[in-house]
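**Q** Dropping in run_9.pdb, with PDB, C-alpha atoms, pLDDT in the B column.
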```pdb
ATOM      1  CA  MET J   8      -0.568  22.521  23.750  1.00 37.00           C
ATOM      2  CA  SER J   9       0.915  25.967  23.245  1.00 37.00           C
ATOM      3  CA  LYS J  10       2.962  26.901  20.220  1.00 40.00           C
ATOM      4  CA  ILE J  11       5.998  27.484  22.460  1.00 35.00           C
ATOM      5  CA  ASP J  12       6.223  23.867  23.595  1.00 48.00           C
ATOM      6  CA  PHE J  13       5.098  22.313  20.310  1.00 53.00           C
ATOM      7  CA  PRO J  14       7.485  19.419  19.673  1.00 60.00           C
ATOM      8  CA  PHE J  15       8.088  20.046  15.955  1.00 62.00           C
ATOM      9  CA  PRO J  16      10.759  22.555  14.937  1.00 61.00           C
ATOM     10  CA  GLY J  17       9.093  25.716  13.695  1.00 68.00           C
ATOM     11  CA  GLY J  18       5.716  24.417  14.819  1.00 76.00           C
ATOM     12  CA  GLY J  19       5.497  21.768  12.102  1.00 89.00           C
ATOM     13  CA  LEU J  20       3.868  21.794   8.695  1.00 93.00           C
ATOM     14  CA  SER J  21       0.199  22.451   8.054  1.00 94.00           C
ATOM     15  CA  VAL J  22      -1.822  19.898   6.101  1.00 95.00           C
ATOM     16  CA  GLY J  23      -1.873  22.314   3.155  1.00 95.00           C
ATOM     17  CA  GLU J  24       1.921  22.643   3.212  1.00 95.00           C
ATOM     18  CA  VAL J  25       2.350  18.870   3.291  1.00 96.00           C
ATOM     19  CA  ALA J  26      -0.125  18.498   0.425  1.00 96.00           C
ATOM     20  CA  ARG J  27       1.680  21.098  -1.715  1.00 96.00           C
ATOM     21  CA  ARG J  28       5.161  19.773  -1.004  1.00 96.00           C
ATOM     22  CA  SER J  29       4.283  16.097  -1.403  1.00 95.00           C
ATOM     23  CA  GLY J  30       1.882  16.405  -4.339  1.00 95.00           C
ATOM     24  CA  VAL J  31      -0.756  14.464  -2.394  1.00 95.00           C
ATOM     25  CA  ALA J  32      -4.303  15.700  -1.838  1.00 96.00           C
ATOM     26  CA  VAL J  33      -5.322  16.890   1.609  1.00 96.00           C
ATOM     27  CA  SER J  34      -8.010  14.200   1.686  1.00 96.00           C
ATOM     28  CA  THR J  35      -5.330  11.572   1.023  1.00 96.00           C
ATOM     29  CA  LEU J  36      -3.269  12.879   3.935  1.00 96.00           C
ATOM     30  CA  HIS J  37      -6.326  12.656   6.184  1.00 96.00           C
ATOM     31  CA  PHE J  38      -6.890   9.092   4.947  1.00 96.00           C
ATOM     32  CA  TYR J  39      -3.238   8.154   5.620  1.00 95.00           C
ATOM     33  CA  GLU J  40      -3.541   9.604   9.096  1.00 94.00           C
ATOM     34  CA  ALA J  41      -6.779   7.725   9.786  1.00 94.00           C
ATOM     35  CA  LYS J  42      -5.018   4.503   8.707  1.00 92.00           C
ATOM     36  CA  GLY J  43      -2.057   5.204  11.007  1.00 89.00           C
ATOM     37  CA  LEU J  44       0.456   5.709   8.197  1.00 91.00           C
ATOM     38  CA  ILE J  45       1.327   9.252   9.275  1.00 92.00           C
ATOM     39  CA  ARG J  46       0.638  11.274  12.385  1.00 90.00           C
ATOM     40  CA  SER J  47       0.043  14.852  13.328  1.00 91.00           C
ATOM     41  CA  LEU J  48      -0.471  16.832  16.474  1.00 90.00           C
ATOM     42  CA  ARG J  49      -3.117  19.472  16.997  1.00 89.00           C
ATOM     43  CA  THR J  50      -2.495  23.080  17.869  1.00 86.00           C
ATOM     44  CA  GLU J  51      -4.559  24.917  20.460  1.00 85.00           C
ATOM     45  CA  GLY J  52      -6.737  26.007  17.542  1.00 87.00           C
ATOM     46  CA  ASN J  53      -7.225  22.313  16.582  1.00 89.00           C
ATOM     47  CA  GLN J  54      -5.170  22.591  13.386  1.00 90.00           C
ATOM     48  CA  ARG J  55      -3.082  19.641  12.287  1.00 92.00           C
ATOM     49  CA  ARG J  56       0.682  20.058  12.372  1.00 93.00           C
ATOM     50  CA  TYR J  57       3.033  17.478  10.883  1.00 93.00           C
ATOM     51  CA  PRO J  58       6.728  16.968  11.487  1.00 90.00           C
ATOM     52  CA  ARG J  59       8.901  17.633   8.418  1.00 88.00           C
ATOM     53  CA  GLY J  60       9.735  13.920   8.289  1.00 88.00           C
ATOM     54  CA  VAL J  61       6.163  13.250   7.161  1.00 92.00           C
ATOM     55  CA  LEU J  62       7.221  14.316   3.661  1.00 93.00           C
ATOM     56  CA  ARG J  63       9.606  11.369   3.417  1.00 90.00           C
ATOM     57  CA  ARG J  64       6.999   9.021   4.900  1.00 91.00           C
ATOM     58  CA  VAL J  65       4.475  10.135   2.282  1.00 95.00           C
ATOM     59  CA  ALA J  66       7.102   9.621  -0.429  1.00 92.00           C
ATOM     60  CA  VAL J  67       7.736   6.066   0.833  1.00 90.00           C
ATOM     61  CA  ILE J  68       3.993   5.367   0.860  1.00 93.00           C
ATOM     62  CA  LYS J  69       3.526   6.655  -2.695  1.00 94.00           C
ATOM     63  CA  VAL J  70       6.506   4.714  -4.083  1.00 91.00           C
ATOM     64  CA  ALA J  71       5.325   1.532  -2.385  1.00 90.00           C
ATOM     65  CA  GLN J  72       1.796   2.017  -3.725  1.00 92.00           C
ATOM     66  CA  ARG J  73       3.123   2.535  -7.256  1.00 91.00           C
ATOM     67  CA  THR J  74       4.892  -0.820  -7.057  1.00 89.00           C
ATOM     68  CA  GLY J  75       1.633  -2.486  -6.060  1.00 88.00           C
ATOM     69  CA  ILE J  76       2.342  -3.022  -2.379  1.00 90.00           C
ATOM     70  CA  PRO J  77      -1.008  -3.168  -0.539  1.00 90.00           C
ATOM     71  CA  LEU J  78      -1.700  -0.358   1.910  1.00 92.00           C
ATOM     72  CA  ALA J  79      -2.014  -2.830   4.799  1.00 92.00           C
ATOM     73  CA  THR J  80       1.511  -4.105   4.070  1.00 90.00           C
ATOM     74  CA  ILE J  81       2.836  -0.540   3.923  1.00 91.00           C
ATOM     75  CA  GLN J  82       1.122   0.247   7.212  1.00 91.00           C
ATOM     76  CA  ALA J  83       2.637  -2.804   8.920  1.00 89.00           C
ATOM     77  CA  ALA J  84       6.108  -1.907   7.658  1.00 87.00           C
ATOM     78  CA  LEU J  85       5.868   1.736   8.718  1.00 87.00           C
ATOM     79  CA  ALA J  86       4.582   0.693  12.146  1.00 85.00           C
ATOM     80  CA  ARG J  87       7.930  -1.013  12.755  1.00 83.00           C
ATOM     81  CA  LEU J  88       9.841   2.207  12.125  1.00 82.00           C
ATOM     82  CA  PRO J  89      10.657   4.513  15.013  1.00 76.00           C
ATOM     83  CA  ASP J  90       7.990   7.175  15.453  1.00 67.00           C
ATOM     84  CA  GLY J  91       9.014  10.791  15.424  1.00 58.00           C
ATOM     85  CA  ARG J  92      11.583  10.738  12.642  1.00 66.00           C
ATOM     86  CA  ALA J  93      11.677  10.419   8.895  1.00 74.00           C
ATOM     87  CA  PRO J  94      12.538   7.026   7.400  1.00 82.00           C
ATOM     88  CA  THR J  95      16.258   6.865   6.685  1.00 85.00           C
ATOM     89  CA  ALA J  96      18.026   5.344   3.695  1.00 88.00           C
ATOM     90  CA  GLU J  97      18.647   2.245   5.821  1.00 89.00           C
ATOM     91  CA  ASP J  98      14.959   2.063   6.749  1.00 87.00           C
ATOM     92  CA  TRP J  99      14.083   2.222   3.052  1.00 85.00           C
ATOM     93  CA  ALA J 100      16.654  -0.473   2.243  1.00 88.00           C
ATOM     94  CA  GLN J 101      15.057  -2.805   4.807  1.00 86.00           C
ATOM     95  CA  LEU J 102      11.567  -2.093   3.520  1.00 85.00           C
ATOM     96  CA  SER J 103      12.531  -2.574  -0.105  1.00 86.00           C
ATOM     97  CA  ARG J 104      14.342  -5.861   0.636  1.00 87.00           C
ATOM     98  CA  ALA J 105      11.241  -7.210   2.338  1.00 85.00           C
ATOM     99  CA  TRP J 106       8.983  -6.051  -0.495  1.00 89.00           C
ATOM    100  CA  ARG J 107      11.325  -7.310  -3.214  1.00 90.00           C
ATOM    101  CA  ALA J 108      10.470 -10.966  -2.543  1.00 87.00           C
ATOM    102  CA  GLU J 109       6.752 -10.165  -2.619  1.00 86.00           C
ATOM    103  CA  LEU J 110       7.132  -8.263  -5.888  1.00 89.00           C
ATOM    104  CA  ASP J 111       9.277 -11.017  -7.423  1.00 92.00           C
ATOM    105  CA  GLU J 112       6.587 -13.589  -6.567  1.00 89.00           C
ATOM    106  CA  ARG J 113       3.869 -11.375  -8.022  1.00 88.00           C
ATOM    107  CA  ILE J 114       5.932 -10.905 -11.212  1.00 90.00           C
ATOM    108  CA  ARG J 115       6.446 -14.672 -11.450  1.00 91.00           C
ATOM    109  CA  LYS J 116       2.718 -15.335 -11.086  1.00 86.00           C
ATOM    110  CA  LEU J 117       1.821 -12.640 -13.620  1.00 87.00           C
ATOM    111  CA  GLY J 118       4.298 -14.107 -16.113  1.00 87.00           C
ATOM    112  CA  GLN J 119       2.791 -17.541 -15.591  1.00 82.00           C
ATOM    113  CA  LEU J 120      -0.710 -16.147 -16.031  1.00 78.00           C
ATOM    114  CA  ARG J 121       0.353 -14.326 -19.209  1.00 80.00           C
ATOM    115  CA  ASP J 122       1.849 -17.511 -20.637  1.00 77.00           C
ATOM    116  CA  GLN J 123      -1.260 -19.539 -19.820  1.00 71.00           C
ATOM    117  CA  LEU J 124      -3.491 -16.831 -21.238  1.00 70.00           C
ATOM    118  CA  ASP J 125      -1.725 -17.093 -24.597  1.00 61.00           C
ATOM    119  CA  ASP J 126      -2.927 -20.687 -24.833  1.00 62.00           C
ATOM    120  CA  CYS J 127      -6.535 -19.701 -24.119  1.00 60.00           C
ATOM    121  CA  ILE J 128      -7.014 -16.759 -26.450  1.00 55.00           C
ATOM    122  CA  GLY J 129      -9.330 -17.828 -29.234  1.00 52.00           C
ATOM    123  CA  CYS J 130      -9.443 -21.479 -28.233  1.00 55.00           C
ATOM    124  CA  GLY J 131     -13.173 -21.491 -27.496  1.00 54.00           C
ATOM    125  CA  CYS J 132     -12.546 -23.928 -24.672  1.00 58.00           C
ATOM    126  CA  LEU J 133     -15.612 -24.643 -22.612  1.00 56.00           C
ATOM    127  CA  SER J 134     -14.013 -27.308 -20.465  1.00 55.00           C
ATOM    128  CA  LEU J 135     -13.562 -26.187 -16.901  1.00 52.00           C
ATOM    129  CA  LYS J 136     -11.687 -29.424 -16.249  1.00 54.00           C
ATOM    130  CA  ALA J 137      -8.983 -28.560 -18.750  1.00 58.00           C
ATOM    131  CA  CYS J 138      -8.723 -24.803 -18.118  1.00 64.00           C
ATOM    132  CA  PRO J 139      -5.750 -23.880 -15.888  1.00 60.00           C
ATOM    133  CA  LEU J 140      -7.016 -20.312 -15.497  1.00 62.00           C
ATOM    134  CA  ARG J 141     -10.617 -20.948 -14.474  1.00 61.00           C
ATOM    135  CA  ASN J 142     -10.180 -24.272 -12.664  1.00 59.00           C
ATOM    136  CA  PRO J 143      -6.555 -24.932 -11.650  1.00 62.00           C
ATOM    137  CA  GLN J 144      -5.870 -28.601 -10.783  1.00 60.00           C
ATOM    138  CA  ASP J 145      -9.584 -29.330 -11.420  1.00 62.00           C
ATOM    139  CA  VAL J 146     -10.528 -28.219  -7.895  1.00 62.00           C
ATOM    140  CA  LEU J 147     -14.169 -27.996  -8.927  1.00 61.00           C
ATOM    141  CA  GLY J 148     -14.170 -31.638 -10.066  1.00 64.00           C
ATOM    142  CA  ALA J 149     -13.358 -32.681  -6.512  1.00 70.00           C
ATOM    143  CA  GLU J 150     -16.630 -31.081  -5.393  1.00 71.00           C
ATOM    144  CA  GLY J 151     -18.718 -33.393  -7.585  1.00 68.00           C
ATOM    145  CA  ALA J 152     -20.792 -33.038 -10.722  1.00 68.00           C
ATOM    146  CA  GLY J 153     -22.900 -30.005 -11.556  1.00 62.00           C
ATOM    147  CA  PRO J 154     -22.443 -26.286 -12.176  1.00 60.00           C
ATOM    148  CA  ARG J 155     -20.262 -24.212  -9.867  1.00 54.00           C
ATOM    149  CA  LEU J 156     -20.139 -20.499  -9.287  1.00 51.00           C
ATOM    150  CA  LEU J 157     -16.448 -19.720  -9.787  1.00 51.00           C
ATOM    151  CA  GLU J 158     -16.589 -16.102  -8.717  1.00 51.00           C
ATOM    152  CA  PRO J 159     -19.435 -15.591  -6.226  1.00 50.00           C
ATOM    153  CA  GLU J 160     -21.236 -12.290  -6.547  1.00 52.00           C
ATOM    154  CA  VAL J 161     -20.518  -9.829  -3.769  1.00 49.00           C
ATOM    155  CA  ASP J 162     -23.547  -7.991  -2.405  1.00 45.00           C
TER     156      ASP J 162
END
```
Just give me the structure as structure tokens.
**A**
Amino acid sequence: MSKIDFPFPGGGLSVGEVARRSGVAVSTLHFYEAKGLIRSLRTEGNQRRYPRGVLRRVAVIKVAQRTGIPLATIQAALARLPDGRAPTAEDWAQLSRAWRAELDERIRKLGQLRDQLDDCIGCGCLSLKACPLRNPQDVLGAEGAGPRLLEPEVD
């Protein structure tokens, strides 16, 4: 594709420009692109060029990550946005409303975990049957007597 008919105004931003302006490492931008979170086009010289709207997309990704939203959830949300333009304030409002319920549930569960943890600190409890953190609702008891591996090792 020649520079004359390149679809981004001014030929787009280089990966270095996006990195500098967004505060994100070049390797992170390449990772985001590989995961389909952002997109670029290639010049005749095979250099990446990004539309200016990528800066807002990267900002949305970083804010979402800071709130603990998993990258797969961010990817799914961004995939629903129109390609070729920066997310708008309305786009962000829709995304944040959807993520709010997920964050509220996570906060609720963390608060519950914190409150249960207070009861366990220093108790010396060795009863898996009674421990709500290690064996909620005695799920291991339903499997019969004997030792159980609660957190299987991952090879």
**Q** With distances taken over only C-alpha atoms, which of J:Ile68, J:Val22, J:Leu36, J:Ala83 is nearest to J:Arg55?
**A**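 Closest candidate: J:Val22.
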**Q** I need the output of the PyMOL selection byres ((chain J and resi 46) around 9) for this file as number ranges by chain; which residues are they?
**A** J: 39-41, 43-45, 47-48, 56-58, 61, 90-91
**Q** Skipping near chain neighbours, those fewer than 3 positions away, what residues fall within 9 Å of J:Gln82 using all atoms listed in the file, listed as a list in words?
**A**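 The residues satisfying every condition are Lys42, Gly43, Leu44, Ile68, Pro77, Leu78, Ala79, Leu85, Ala86 and Arg87 of chain J.
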**Q** Figure out the distance between atom CA of J:Gln54 and atom CA of J:Gly30, please, to one decimal in Å.
**A**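 Between atom CA of J:Gly30 and atom CA of J:Gln54 the gap is 20.1 Å.
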**Q** Using only C-alpha atoms, determine which residues lie at most 8 Å from J:Arg28, disregarding the query and same-chain residues fewer than 3 positions distant; provide the list as a VMD selection string.
**A** chain J and resid 24 to 25 62
**Q** What residues come out when you apply the PyMOL selection byres ((chain J and resi 108-118) around 12) to this file, written as a list in words?
**A**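 After applying the PyMOL selection byres ((chain J and resi 108-118) around 12), what remains is Ala71, Gln72, Arg73, Thr74, Gly75, Ile76, Pro77, Thr80, Gln101, Leu102, Ser103, Arg104, Ala105, Trp106, Arg107, Gln119, Leu120, Arg121, Asp122, Gln123, Leu124, Asp125 and Leu140 of chain J.
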**Q** Quick one, how far is atom CA of J:Gly18 from atom CA of J:Gly52?
**A**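 Computed distance, atom CA of J:Gly18 to atom CA of J:Gly52, equals 12.8 Å.
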